[in-house]
file protein_19.csv (CSV, C-alpha atoms and all ligand atoms)
chain,number,residue,atom,x,y,z
A,307,MET,CA,-74.2,-68.1,132.6
A,308,ASN,CA,-75.0,-65.4,135.1
A,309,SER,CA,-78.8,-65.2,135.3
A,310,SER,CA,-78.7,-61.4,134.8
A,311,SER,CA,-76.5,-61.4,131.7
A,312,PRO,CA,-78.3,-59.9,128.6
A,313,ILE,CA,-79.3,-62.3,125.9
A,314,CYS,CA,-81.1,-62.2,122.6
A,315,LEU,CA,-83.4,-65.1,121.4
A,316,GLY,CA,-83.9,-66.5,117.9
A,317,ILE,CA,-86.7,-68.5,116.4
A,318,ASP,CA,-86.0,-70.5,113.2
A,319,CYS,CA,-89.4,-71.1,111.7
A,320,GLY,CA,-89.2,-74.1,109.4
A,321,ALA,CA,-92.1,-75.6,107.5
A,322,THR,CA,-92.3,-78.6,109.8
A,323,THR,CA,-90.4,-77.6,113.0
A,324,SER,CA,-89.5,-74.3,114.7
A,325,LYS,CA,-86.1,-74.2,116.5
A,326,PHE,CA,-85.2,-72.0,119.4
A,327,ASN,CA,-81.8,-70.7,120.5
A,328,GLY,CA,-80.1,-67.5,121.3
A,329,VAL,CA,-76.8,-65.6,121.9
A,330,ASP,CA,-75.2,-64.1,124.9
A,331,ALA,CA,-73.8,-60.5,125.1
A,332,GLU,CA,-70.6,-61.7,123.3
A,333,GLY,CA,-72.6,-63.1,120.4
A,334,LYS,CA,-71.9,-66.8,121.5
A,335,LEU,CA,-74.6,-69.5,120.9
A,336,LEU,CA,-76.5,-70.2,124.1
A,337,THR,CA,-76.7,-74.0,123.7
A,338,HIS,CA,-75.6,-76.7,121.3
A,339,THR,CA,-78.7,-78.7,122.2
A,340,LEU,CA,-81.4,-78.6,119.5
A,341,ARG,CA,-84.6,-77.2,121.1
A,342,GLN,CA,-87.5,-77.5,118.6
A,343,ARG,CA,-91.2,-78.1,118.3
A,344,ARG,CA,-93.7,-78.7,115.6
A,345,THR,CA,-94.7,-75.7,113.4
A,346,PRO,CA,-98.5,-75.9,113.4
A,347,SER,CA,-99.0,-73.7,110.3
A,348,ALA,CA,-102.2,-75.6,109.2
A,349,ASP,CA,-103.9,-74.5,112.5
A,350,GLY,CA,-103.5,-70.8,111.7
A,351,PRO,CA,-101.7,-67.8,113.1
A,352,GLU,CA,-103.0,-68.0,116.7
A,353,VAL,CA,-101.9,-71.6,117.2
A,354,MET,CA,-98.6,-70.9,115.6
A,355,LEU,CA,-98.0,-67.8,117.8
A,356,GLN,CA,-98.8,-69.9,120.9
A,357,ALA,CA,-96.4,-72.6,119.8
A,358,TRP,CA,-93.6,-70.0,119.5
A,359,LEU,CA,-94.4,-68.5,122.9
A,360,GLU,CA,-94.4,-71.9,124.5
A,361,GLY,CA,-91.2,-72.8,122.7
A,362,LEU,CA,-89.5,-69.7,124.0
A,363,ASP,CA,-90.7,-70.2,127.5
A,364,LEU,CA,-89.5,-73.8,127.5
A,365,PHE,CA,-86.2,-72.8,126.0
A,366,LEU,CA,-85.6,-70.3,128.8
A,367,ARG,CA,-86.6,-72.8,131.5
A,368,GLU,CA,-84.4,-75.6,130.1
A,369,GLU,CA,-81.4,-73.3,129.8
A,370,LYS,CA,-82.1,-71.8,133.3
A,371,LEU,CA,-82.6,-68.3,131.9
A,372,ASP,CA,-85.2,-65.7,132.5
A,373,TRP,CA,-87.3,-63.3,130.4
A,374,GLU,CA,-85.8,-60.4,132.3
A,375,GLN,CA,-82.5,-61.1,130.5
A,376,VAL,CA,-84.0,-61.0,127.0
A,377,HIS,CA,-83.3,-57.8,125.1
A,378,ALA,CA,-84.6,-58.7,121.7
A,379,VAL,CA,-86.0,-61.5,119.6
A,380,GLY,CA,-85.2,-62.4,116.0
A,381,VAL,CA,-87.3,-64.6,113.7
A,382,ALA,CA,-85.9,-66.5,110.7
A,383,MET,CA,-88.7,-67.0,108.2
A,384,PRO,CA,-88.7,-68.5,104.7
A,385,GLY,CA,-90.1,-66.0,102.1
A,386,PRO,CA,-91.6,-64.8,100.0
A,387,TYR,CA,-93.2,-62.0,102.0
A,388,GLU,CA,-96.1,-59.6,101.3
A,389,ALA,CA,-94.2,-57.0,103.3
A,390,TYR,CA,-91.6,-56.9,106.1
A,391,GLY,CA,-92.9,-59.3,108.7
A,392,VAL,CA,-95.9,-60.4,106.7
A,393,LEU,CA,-96.1,-63.9,105.2
A,394,GLY,CA,-96.7,-64.3,101.5
A,395,SER,CA,-97.8,-67.5,99.8
A,396,MET,CA,-95.2,-70.1,100.7
A,397,PRO,CA,-95.0,-73.5,99.0
A,398,ASN,CA,-94.2,-75.5,102.2
A,399,MET,CA,-96.4,-73.6,104.7
A,400,ALA,CA,-100.2,-73.9,105.0
A,401,ASP,CA,-102.5,-71.3,103.3
A,402,ALA,CA,-104.0,-70.6,106.7
A,403,VAL,CA,-101.0,-68.4,107.6
A,404,GLU,CA,-100.8,-66.5,104.3
A,405,GLY,CA,-101.0,-62.8,104.9
A,406,TRP,CA,-100.2,-63.1,108.6
A,407,ASN,CA,-98.3,-60.2,110.1
A,408,TYR,CA,-96.2,-62.5,112.4
A,409,LEU,CA,-93.8,-59.7,113.4
A,410,GLU,CA,-96.6,-57.5,114.8
A,411,SER,CA,-98.4,-60.5,116.4
A,412,LEU,CA,-95.2,-61.6,118.2
A,413,GLN,CA,-94.4,-58.1,119.3
A,414,SER,CA,-97.8,-57.5,120.9
A,415,ALA,CA,-98.0,-60.9,122.4
A,416,LEU,CA,-94.6,-60.4,124.1
A,417,GLN,CA,-95.6,-56.9,125.2
A,418,TYR,CA,-98.8,-58.3,126.8
A,419,LYS,CA,-96.9,-61.2,128.4
A,420,LEU,CA,-93.9,-59.2,129.7
A,421,GLY,CA,-95.5,-55.8,130.4
A,422,ARG,CA,-92.7,-54.2,128.4
A,423,LYS,CA,-91.9,-53.6,124.7
A,424,LEU,CA,-89.4,-56.1,123.4
A,425,PRO,CA,-87.9,-55.4,119.9
A,426,VAL,CA,-88.6,-58.1,117.4
A,427,TYR,CA,-86.8,-58.3,114.0
A,428,THR,CA,-87.0,-60.7,111.1
A,429,ALA,CA,-85.3,-61.8,107.9
A,430,ASN,CA,-85.2,-64.6,105.4
A,431,ASP,CA,-84.0,-67.8,107.1
A,432,GLY,CA,-81.5,-68.6,104.3
A,433,GLN,CA,-80.0,-65.1,104.6
A,434,LEU,CA,-79.7,-65.3,108.4
A,435,ALA,CA,-77.8,-68.6,108.4
A,436,GLY,CA,-74.8,-66.6,106.9
A,437,ILE,CA,-74.4,-64.2,109.9
A,438,PRO,CA,-73.0,-66.7,112.5
A,439,GLU,CA,-71.0,-68.6,109.9
A,440,ALA,CA,-69.4,-65.3,108.8
A,441,GLN,CA,-68.8,-64.3,112.5
A,442,LEU,CA,-66.7,-67.5,112.9
A,443,LEU,CA,-64.8,-67.1,109.6
A,444,GLN,CA,-64.2,-63.3,109.9
A,445,ALA,CA,-62.6,-63.8,113.4
A,446,GLU,CA,-60.0,-65.9,111.6
A,447,HIS,CA,-59.6,-64.1,108.3
A,448,PRO,CA,-61.2,-60.9,107.1
A,449,GLY,CA,-63.4,-60.7,104.0
A,450,SER,CA,-67.1,-61.0,102.9
A,451,VAL,CA,-68.9,-64.3,103.0
A,452,LEU,CA,-71.2,-66.0,100.4
A,453,MET,CA,-73.1,-68.9,101.9
A,454,LEU,CA,-74.9,-71.5,99.8
A,455,ALA,CA,-76.9,-74.1,101.7
A,456,PRO,CA,-78.6,-76.8,99.7
A,457,GLY,CA,-81.5,-78.5,101.6
A,458,SER,CA,-85.1,-78.8,100.4
A,459,GLY,CA,-84.3,-75.6,98.5
A,460,LEU,CA,-81.1,-73.6,98.2
A,461,GLY,CA,-80.6,-71.1,101.1
A,462,CYS,CA,-78.3,-68.3,100.1
A,463,SER,CA,-76.7,-65.5,102.1
A,464,PHE,CA,-74.2,-62.7,101.6
A,465,VAL,CA,-72.5,-61.0,104.6
A,466,HIS,CA,-70.3,-58.0,104.1
A,467,ALA,CA,-66.8,-57.8,105.5
A,468,ASP,CA,-68.1,-55.7,108.4
A,469,GLY,CA,-70.5,-58.5,109.4
A,470,THR,CA,-73.7,-56.9,108.1
A,471,LEU,CA,-76.2,-58.9,106.1
A,472,LEU,CA,-77.2,-58.0,102.6
A,473,CYS,CA,-81.1,-58.1,102.8
A,474,GLY,CA,-82.0,-56.1,99.7
A,475,ASP,CA,-84.8,-53.5,99.4
A,476,HIS,CA,-87.5,-56.2,99.6
A,477,GLN,CA,-85.8,-58.8,101.8
A,478,ALA,CA,-85.1,-60.7,98.6
A,479,ALA,CA,-81.4,-60.3,97.9
A,480,VAL,CA,-79.1,-63.2,96.9
A,481,ILE,CA,-81.8,-65.5,95.5
A,482,LEU,CA,-79.2,-67.4,93.6
A,483,GLY,CA,-81.4,-70.6,93.7
A,484,HIS,CA,-83.8,-69.1,91.1
A,485,ILE,CA,-81.4,-67.8,88.5
A,486,PRO,CA,-80.8,-70.0,85.5
A,487,LEU,CA,-77.9,-72.6,85.6
A,488,PRO,CA,-76.0,-73.2,82.3
A,489,TYR,CA,-77.3,-76.8,82.5
A,490,ALA,CA,-76.3,-77.7,78.9
A,491,GLU,CA,-72.6,-77.4,80.1
A,492,LEU,CA,-73.3,-80.4,82.4
A,493,ASN,CA,-75.1,-82.3,79.6
A,494,LEU,CA,-78.3,-82.1,81.6
A,495,PRO,CA,-81.8,-81.3,80.3
A,496,ARG,CA,-83.8,-78.3,81.6
A,497,PHE,CA,-85.3,-79.2,85.1
A,498,SER,CA,-88.5,-77.7,86.3
A,499,CYS,CA,-88.6,-75.7,89.6
A,500,GLY,CA,-91.2,-75.2,92.3
A,501,CYS,CA,-91.1,-71.5,91.7
A,502,GLY,CA,-92.6,-71.9,88.3
A,503,ARG,CA,-89.8,-70.4,86.2
A,504,SER,CA,-89.0,-72.4,83.2
A,505,TRP,CA,-85.4,-71.4,82.6
A,506,GLY,CA,-83.7,-74.2,84.6
A,507,CYS,CA,-83.3,-72.8,88.1
A,508,VAL,CA,-80.0,-73.4,90.0
A,509,GLU,CA,-82.1,-74.8,93.0
A,510,ALA,CA,-83.4,-77.7,90.9
A,511,TYR,CA,-79.8,-78.8,90.1
A,512,THR,CA,-78.3,-78.3,93.6
A,513,SER,CA,-80.9,-79.2,96.2
A,514,ILE,CA,-83.3,-82.0,97.2
A,515,SER,CA,-86.0,-80.3,95.2
A,516,GLY,CA,-84.5,-81.6,91.9
A,517,LEU,CA,-83.5,-85.1,92.9
A,518,THR,CA,-86.5,-86.9,91.3
A,519,GLN,CA,-85.6,-85.2,88.0
A,520,TYR,CA,-82.0,-86.4,88.4
A,521,LEU,CA,-83.3,-89.9,89.0
A,522,ASP,CA,-85.5,-89.8,85.8
A,523,GLU,CA,-82.5,-88.6,83.9
A,524,ARG,CA,-79.7,-90.8,85.3
A,525,LEU,CA,-81.4,-94.1,86.4
A,526,PRO,CA,-81.7,-95.4,82.7
A,527,HIS,CA,-77.9,-95.3,82.6
A,528,TYR,CA,-77.8,-97.9,85.4
A,529,PRO,CA,-79.9,-100.8,84.1
A,530,ASP,CA,-78.9,-103.1,87.0
A,531,HIS,CA,-79.8,-100.7,89.7
A,532,PRO,CA,-82.2,-102.0,92.4
A,533,PHE,CA,-84.4,-98.9,91.9
A,534,HIS,CA,-85.7,-100.5,88.7
A,535,GLN,CA,-87.4,-103.2,90.8
A,536,ASP,CA,-88.4,-100.8,93.6
A,537,PRO,CA,-92.1,-100.0,93.7
A,538,ARG,CA,-91.7,-96.9,95.9
A,539,PRO,CA,-92.4,-93.5,94.2
A,540,ARG,CA,-89.5,-91.5,92.9
A,541,ARG,CA,-89.7,-89.0,95.8
A,542,GLU,CA,-89.1,-91.7,98.4
A,543,GLN,CA,-86.2,-93.2,96.3
A,544,ALA,CA,-84.7,-89.7,96.1
A,545,LEU,CA,-84.6,-89.4,99.8
A,546,CYS,CA,-82.5,-92.6,100.1
A,547,LEU,CA,-79.8,-91.2,97.8
A,548,ARG,CA,-77.7,-89.6,100.5
A,549,ASP,CA,-77.4,-92.9,102.4
A,550,LEU,CA,-76.7,-94.8,99.1
A,551,ALA,CA,-73.9,-92.3,98.4
A,552,ALA,CA,-72.4,-93.2,101.7
A,553,GLU,CA,-72.3,-96.8,100.5
A,554,GLU,CA,-70.6,-95.7,97.3
A,555,ASP,CA,-73.7,-96.6,95.2
A,556,ALA,CA,-72.7,-95.6,91.6
A,557,LEU,CA,-76.0,-93.9,90.7
A,558,ALA,CA,-76.1,-91.9,93.9
A,559,CYS,CA,-72.5,-90.8,93.5
A,560,ASP,CA,-73.1,-89.9,89.9
A,561,ILE,CA,-76.1,-87.7,90.9
A,562,PHE,CA,-74.2,-86.0,93.8
A,563,ASP,CA,-71.2,-85.4,91.5
A,564,LEU,CA,-73.6,-83.6,89.1
A,565,GLN,CA,-75.0,-81.6,92.0
A,566,ALA,CA,-71.5,-80.7,93.0
A,567,LYS,CA,-70.7,-79.6,89.5
A,568,ALA,CA,-73.8,-77.5,89.4
A,569,MET,CA,-72.8,-76.0,92.8
A,570,GLY,CA,-69.4,-75.2,91.4
A,571,TYR,CA,-71.0,-73.2,88.6
A,572,THR,CA,-73.2,-71.5,91.1
A,573,VAL,CA,-70.1,-70.6,93.2
A,574,ALA,CA,-68.5,-69.0,90.1
A,575,MET,CA,-71.7,-67.1,89.3
A,576,GLY,CA,-72.0,-66.0,93.0
A,577,SER,CA,-68.4,-64.9,93.0
A,578,MET,CA,-69.0,-62.8,89.9
A,579,CYS,CA,-72.0,-61.1,91.6
A,580,TYR,CA,-70.6,-60.5,95.1
A,581,ASP,CA,-66.8,-61.0,94.9
A,582,PRO,CA,-66.5,-62.7,98.4
A,583,THR,CA,-63.4,-64.0,100.0
A,584,HIS,CA,-65.1,-66.8,101.8
A,585,ILE,CA,-67.6,-69.2,100.3
A,586,VAL,CA,-69.4,-71.5,102.8
A,587,ILE,CA,-71.3,-74.6,101.7
A,588,GLY,CA,-73.9,-75.6,104.2
A,589,GLY,CA,-77.0,-77.8,104.3
A,590,GLY,CA,-77.5,-81.5,105.0
A,591,LEU,CA,-74.7,-82.6,102.6
A,592,MET,CA,-72.1,-80.9,104.8
A,593,ASP,CA,-73.6,-82.2,108.1
A,594,PRO,CA,-71.1,-84.6,109.7
A,595,GLU,CA,-74.0,-86.6,111.1
A,596,ALA,CA,-75.6,-87.1,107.7
A,597,THR,CA,-72.7,-87.7,105.3
A,598,THR,CA,-69.3,-89.3,105.5
A,599,GLU,CA,-66.1,-87.3,105.5
A,600,ARG,CA,-65.1,-89.0,102.2
A,601,PHE,CA,-68.4,-87.8,100.7
A,602,ARG,CA,-67.9,-84.2,101.9
A,603,GLU,CA,-64.4,-84.0,100.6
A,604,ARG,CA,-65.3,-85.4,97.2
A,605,TYR,CA,-68.3,-83.0,97.0
A,606,LEU,CA,-66.2,-79.9,97.9
A,607,ARG,CA,-63.4,-80.9,95.6
A,608,ILE,CA,-65.8,-81.1,92.6
A,609,VAL,CA,-67.4,-77.8,93.7
A,610,ARG,CA,-63.9,-76.2,93.7
A,611,GLU,CA,-62.8,-77.7,90.4
A,612,ASN,CA,-65.9,-76.6,88.6
A,613,ALA,CA,-65.9,-73.1,90.2
A,614,GLU,CA,-62.3,-72.6,89.1
A,615,LEU,CA,-63.2,-73.3,85.5
A,616,ASN,CA,-65.3,-70.1,85.4
A,617,LEU,CA,-64.0,-67.8,88.2
A,618,TRP,CA,-63.3,-64.2,87.4
A,619,VAL,CA,-60.9,-63.8,90.3
A,620,LYS,CA,-57.8,-65.8,90.9
A,621,PRO,CA,-58.6,-69.2,92.5
A,622,ASP,CA,-56.4,-68.2,95.5
A,623,ASP,CA,-58.7,-65.2,96.0
A,624,ILE,CA,-61.5,-67.4,97.3
A,625,ARG,CA,-61.6,-69.8,100.3
A,626,LEU,CA,-64.1,-72.6,100.2
A,627,HIS,CA,-65.4,-73.9,103.6
A,628,ALA,CA,-67.9,-76.4,104.9
A,629,ALA,CA,-70.5,-74.8,107.3
A,630,ARG,CA,-69.8,-75.4,111.0
A,631,LEU,CA,-73.0,-74.5,112.8
A,632,GLY,CA,-75.4,-77.0,111.2
A,633,GLU,CA,-79.0,-76.7,112.3
A,634,HIS,CA,-78.2,-73.9,114.8
A,635,ALA,CA,-77.2,-71.4,112.1
A,636,GLN,CA,-80.6,-69.9,111.4
A,637,ALA,CA,-81.8,-69.4,115.0
A,638,MET,CA,-78.4,-68.0,115.9
A,639,GLY,CA,-78.5,-65.7,112.9
A,640,ALA,CA,-81.9,-64.5,113.9
A,641,ALA,CA,-80.7,-63.8,117.5
A,642,LEU,CA,-77.6,-62.0,116.2
A,643,LEU,CA,-79.6,-59.9,113.9
A,644,ALA,CA,-81.8,-58.9,116.8
A,645,GLN,CA,-78.8,-58.1,119.0
A,646,ARG,CA,-77.1,-56.0,116.3
A,647,THR,CA,-80.2,-54.1,115.3
A,648,GLU,CA,-81.5,-53.4,118.8
B,1,ZN,ZN,-86.9,-71.5,90.6
call {"tool": "encode", "arguments": {"input": "protein_19.csv", "output": "structure tokens", "more": "lines below"}}
Ligand SMILES: [Zn+2]
result
Amino acid sequence: MNSSSPICLGIDCGATTSKFNGVDAEGKLLTHTLRQRRTPSADGPEVMLQAWLEGLDLFLREEKLDWEQVHAVGVAMPGPYEAYGVLGSMPNMADAVEGWNYLESLQSALQYKLGRKLPVYTANDGQLAGIPEAQLLQAEHPGSVLMLAPGSGLGCSFVHADGTLLCGDHQAAVILGHIPLPYAELNLPRFSCGCGRSWGCVEAYTSISGLTQYLDERLPHYPDHPFHQDPRPRREQALCLRDLAAEEDALACDIFDLQAKAMGYTVAMGSMCYDPTHIVIGGGLMDPEATTERFRERYLRIVRENAELNLWVKPDDIRLHAARLGEHAQAMGAALLAQRTE
């Protein structure tokens, strides 16, 4: 790229690592190489801010770009927030950063460093992931996009047909992970959720967060399964399930089939709320490096079948897709938000 072309940068702040990327003037991703470093939230705001600045510096150096080209910066941050750009109490982040106005801190640090004011914007990481996925889909076929990305939780995003993100009045729109799932329809008990709600949150049935509860429920149905002799805690067993599913382990397949059914119901509920044309399933289960093609096809087929049981619109009215941008989606979404808001 020409070293004078304008770019926007994005920081995807995760609980363990922060990823750095950006977009050029046409909204294209700057690199497909994953540039990331540790998120030192336990060391407090100053150390975390420093890690971001060093991460951005290194990113520009490695991509042979210059701060002069940077027009704006976006930050993808998991909620909840106390206010726009102010961290609330987050289950996966250290208490040391609770209440930190990271938006203001980054803005003044960049102004001090660069000697000019650089606009900085932020939004929920799950919401931002939908922007670049929508950009790809909408170039091929018009329509709004609902994205559901199961990972440690359930990231959700809704992007209007014109490419704008639905953020809500308190940056808390599209929290489909914490509405109740009709779990009795799946012959499952009520699972607990990290958010504290006791009504059987969607997130517990569709993401990593509920896998240990699935194991408690389903393992007794497989009396010969090696997990019965396995001394490791449930949490560690749960993290092996994805690899076991790749080997066609019956228990693992059973659990992911149930997750896919739950996701199908969530797609139906999301379709009733937002009436999108495109529905994108993201997260680790759709990552070609983490799961087999056979697994992904089976998962998406079950999602579609169970969504269709309850759709309000005609089945042909929705298009179900696997996400394409993988781990780049959130940093790219943050950069695109910055570019479009600037
Ligand atoms: Zn919940």
call {"tool": "closest_residue", "arguments": {"input": "protein_19.csv", "among": "A:Ala635, A:Leu550, A:Leu517, A:Ile481", "to": "ligand ZN 1 (chain B)", "atoms": "all atoms listed in the file"}}
result
A:Ile481
call {"tool": "closest_residue", "arguments": {"input": "protein_19.csv", "among": "A:His377, A:Lys419, A:Arg343, A:Arg496", "to": "ligand ZN 1 (chain B)", "atoms": "all atoms listed in the file"}}
result
A:Arg496
call {"tool": "closest_residue", "arguments": {"input": "protein_19.csv", "among": "A:Leu482, A:Ile437, A:Ala389, A:Ala629", "to": "ligand ZN 1 (chain B)", "atoms": "all atoms listed in the file"}}
result
A:Leu482
call {"tool": "closest_residue", "arguments": {"input": "protein_19.csv", "among": "A:Gly639, A:Gly589, A:Gly506, A:Pro346", "to": "ligand ZN 1 (chain B)", "atoms": "all atoms listed in the file"}}
result
A:Gly506
call {"tool": "residues_near_ligand", "arguments": {"input": "protein_19.csv", "ligand": "ligand ZN 1 (chain B)", "cutoff": "6 Å", "atoms": "all atoms listed in the file", "output": "MDAnalysis selection string"}}
result
chainID A and resid 484 499:501 503 507
call {"tool": "closest_residue", "arguments": {"input": "protein_19.csv", "among": "A:Gly385, A:Thr598, A:Thr345, A:Phe533", "to": "Glu553 of chain A", "atoms": "all atoms listed in the file"}}
result
A:Thr598
call {"tool": "residues_around", "arguments": {"input": "protein_19.csv", "residues": "Tyr387 of chain A", "least_positions_apart": "6", "cutoff": "9 Å", "atoms": "all atoms listed in the file", "output": "list of chain:residue names"}}
result
A:Leu393, A:Gly394, A:Ser395, A:Met396, A:Gly405, A:His476, A:Gln477, A:Ala478
call {"tool": "residues_near_point", "arguments": {"input": "protein_19.csv", "point": "(-70.0, -70.3, 86.6)", "cutoff": "9 Å", "atoms": "only C-alpha atoms", "output": "short mmCIF file (atom, residue, chain, number, x, y, z; two decimals) with C-alpha atoms, keeping the file's coordinate frame"}}
result
data_model
loop_
_atom_site.label_atom_id
_atom_site.label_comp_id
_atom_site.auth_asym_id
_atom_site.auth_seq_id
_atom_site.Cartn_x
_atom_site.Cartn_y
_atom_site.Cartn_z
CA LEU A 487 -77.90 -72.60 85.60
CA PRO A 488 -76.00 -73.20 82.30
CA ALA A 568 -73.80 -77.50 89.40
CA MET A 569 -72.80 -76.00 92.80
CA GLY A 570 -69.40 -75.20 91.40
CA TYR A 571 -71.00 -73.20 88.60
CA THR A 572 -73.20 -71.50 91.10
CA VAL A 573 -70.10 -70.60 93.20
CA ALA A 574 -68.50 -69.00 90.10
CA MET A 575 -71.70 -67.10 89.30
CA GLY A 576 -72.00 -66.00 93.00
CA SER A 577 -68.40 -64.90 93.00
CA MET A 578 -69.00 -62.80 89.90
CA ASN A 612 -65.90 -76.60 88.60
CA ALA A 613 -65.90 -73.10 90.20
CA GLU A 614 -62.30 -72.60 89.10
CA LEU A 615 -63.20 -73.30 85.50
CA ASN A 616 -65.30 -70.10 85.40
CA LEU A 617 -64.00 -67.80 88.20
#
call {"tool": "residues_around", "arguments": {"input": "protein_19.csv", "residues": "segment 558-566 of chain A", "least_positions_apart": "6", "cutoff": "7 Å", "atoms": "only C-alpha atoms", "output": "PyMOL selection string"}}
result
chain A and resi 511-512+520+547+550-551+605+608-609
call {"tool": "atom_distance", "arguments": {"input": "protein_19.csv", "atom1": "atom CA of Gly469 of chain A", "atom2": "atom CA of Ala641 of chain A"}}
result
14.1 Å
call {"tool": "closest_residue", "arguments": {"input": "protein_19.csv", "among": "A:Pro621, A:Pro384, A:Pro526, A:Pro438", "to": "Gly328 of chain A", "atoms": "all atoms listed in the file"}}
result
A:Pro438
call {"tool": "residues_around", "arguments": {"input": "protein_19.csv", "residues": "segment 312-322 of chain A", "least_positions_apart": "4", "cutoff": "7 Å", "atoms": "only C-alpha atoms", "output": "list in words"}}
result
Phe326, Asn327, Gly328, Val329, Asp330, Ala331, Arg344, Thr345, Gln375, Val376, His377, Ala378, Val379, Gly380, Val381, Ala382, Met383, Asn398, Met399, Asp431, Gln636, Ala637, Met638, Ala640, Ala641, Ala644 and Gln645 of chain A
call {"tool": "decode", "arguments": {"input": "protein_19.csv", "residues": "segment 403-414 of chain A", "atoms": "N, CA and C atoms", "output": "PDB file, in the first residue's frame"}}
result
ATOM      1  N   VAL A 403      -9.452  -2.746  36.376  1.00  0.00           N
ATOM      2  CA  VAL A 403      -9.805  -1.822  35.294  1.00  0.00           C
ATOM      3  C   VAL A 403     -11.285  -1.403  35.334  1.00  0.00           C
ATOM      4  N   GLU A 404     -12.019  -1.872  36.351  1.00  0.00           N
ATOM      5  CA  GLU A 404     -13.430  -1.487  36.454  1.00  0.00           C
ATOM      6  C   GLU A 404     -13.540   0.025  36.653  1.00  0.00           C
ATOM      7  N   GLY A 405     -14.412   0.653  35.884  1.00  0.00           N
ATOM      8  CA  GLY A 405     -14.611   2.098  36.001  1.00  0.00           C
ATOM      9  C   GLY A 405     -13.634   2.914  35.157  1.00  0.00           C
ATOM     10  N   TRP A 406     -12.720   2.242  34.458  1.00  0.00           N
ATOM     11  CA  TRP A 406     -11.711   2.950  33.640  1.00  0.00           C
ATOM     12  C   TRP A 406     -12.352   3.552  32.386  1.00  0.00           C
ATOM     13  N   ASN A 407     -12.111   4.858  32.177  1.00  0.00           N
ATOM     14  CA  ASN A 407     -12.578   5.512  30.956  1.00  0.00           C
ATOM     15  C   ASN A 407     -11.502   5.313  29.883  1.00  0.00           C
ATOM     16  N   TYR A 408     -11.551   4.148  29.271  1.00  0.00           N
ATOM     17  CA  TYR A 408     -10.494   3.772  28.315  1.00  0.00           C
ATOM     18  C   TYR A 408     -10.528   4.616  27.051  1.00  0.00           C
ATOM     19  N   LEU A 409     -11.712   5.109  26.704  1.00  0.00           N
ATOM     20  CA  LEU A 409     -11.856   5.924  25.497  1.00  0.00           C
ATOM     21  C   LEU A 409     -11.106   7.252  25.660  1.00  0.00           C
ATOM     22  N   GLU A 410     -11.362   7.902  26.823  1.00  0.00           N
ATOM     23  CA  GLU A 410     -10.715   9.188  27.107  1.00  0.00           C
ATOM     24  C   GLU A 410      -9.198   8.998  27.260  1.00  0.00           C
ATOM     25  N   SER A 411      -8.809   7.924  27.973  1.00  0.00           N
ATOM     26  CA  SER A 411      -7.374   7.653  28.188  1.00  0.00           C
ATOM     27  C   SER A 411      -6.652   7.474  26.863  1.00  0.00           C
ATOM     28  N   LEU A 412      -7.247   6.672  25.964  1.00  0.00           N
ATOM     29  CA  LEU A 412      -6.588   6.405  24.680  1.00  0.00           C
ATOM     30  C   LEU A 412      -6.538   7.671  23.828  1.00  0.00           C
ATOM     31  N   GLN A 413      -7.641   8.445  23.870  1.00  0.00           N
ATOM     32  CA  GLN A 413      -7.686   9.694  23.107  1.00  0.00           C
ATOM     33  C   GLN A 413      -6.576  10.647  23.553  1.00  0.00           C
ATOM     34  N   SER A 414      -6.433  10.853  24.886  1.00  0.00           N
ATOM     35  CA  SER A 414      -5.422  11.822  25.333  1.00  0.00           C
ATOM     36  C   SER A 414      -4.024  11.277  25.140  1.00  0.00           C
TER      37      SER A 414
END
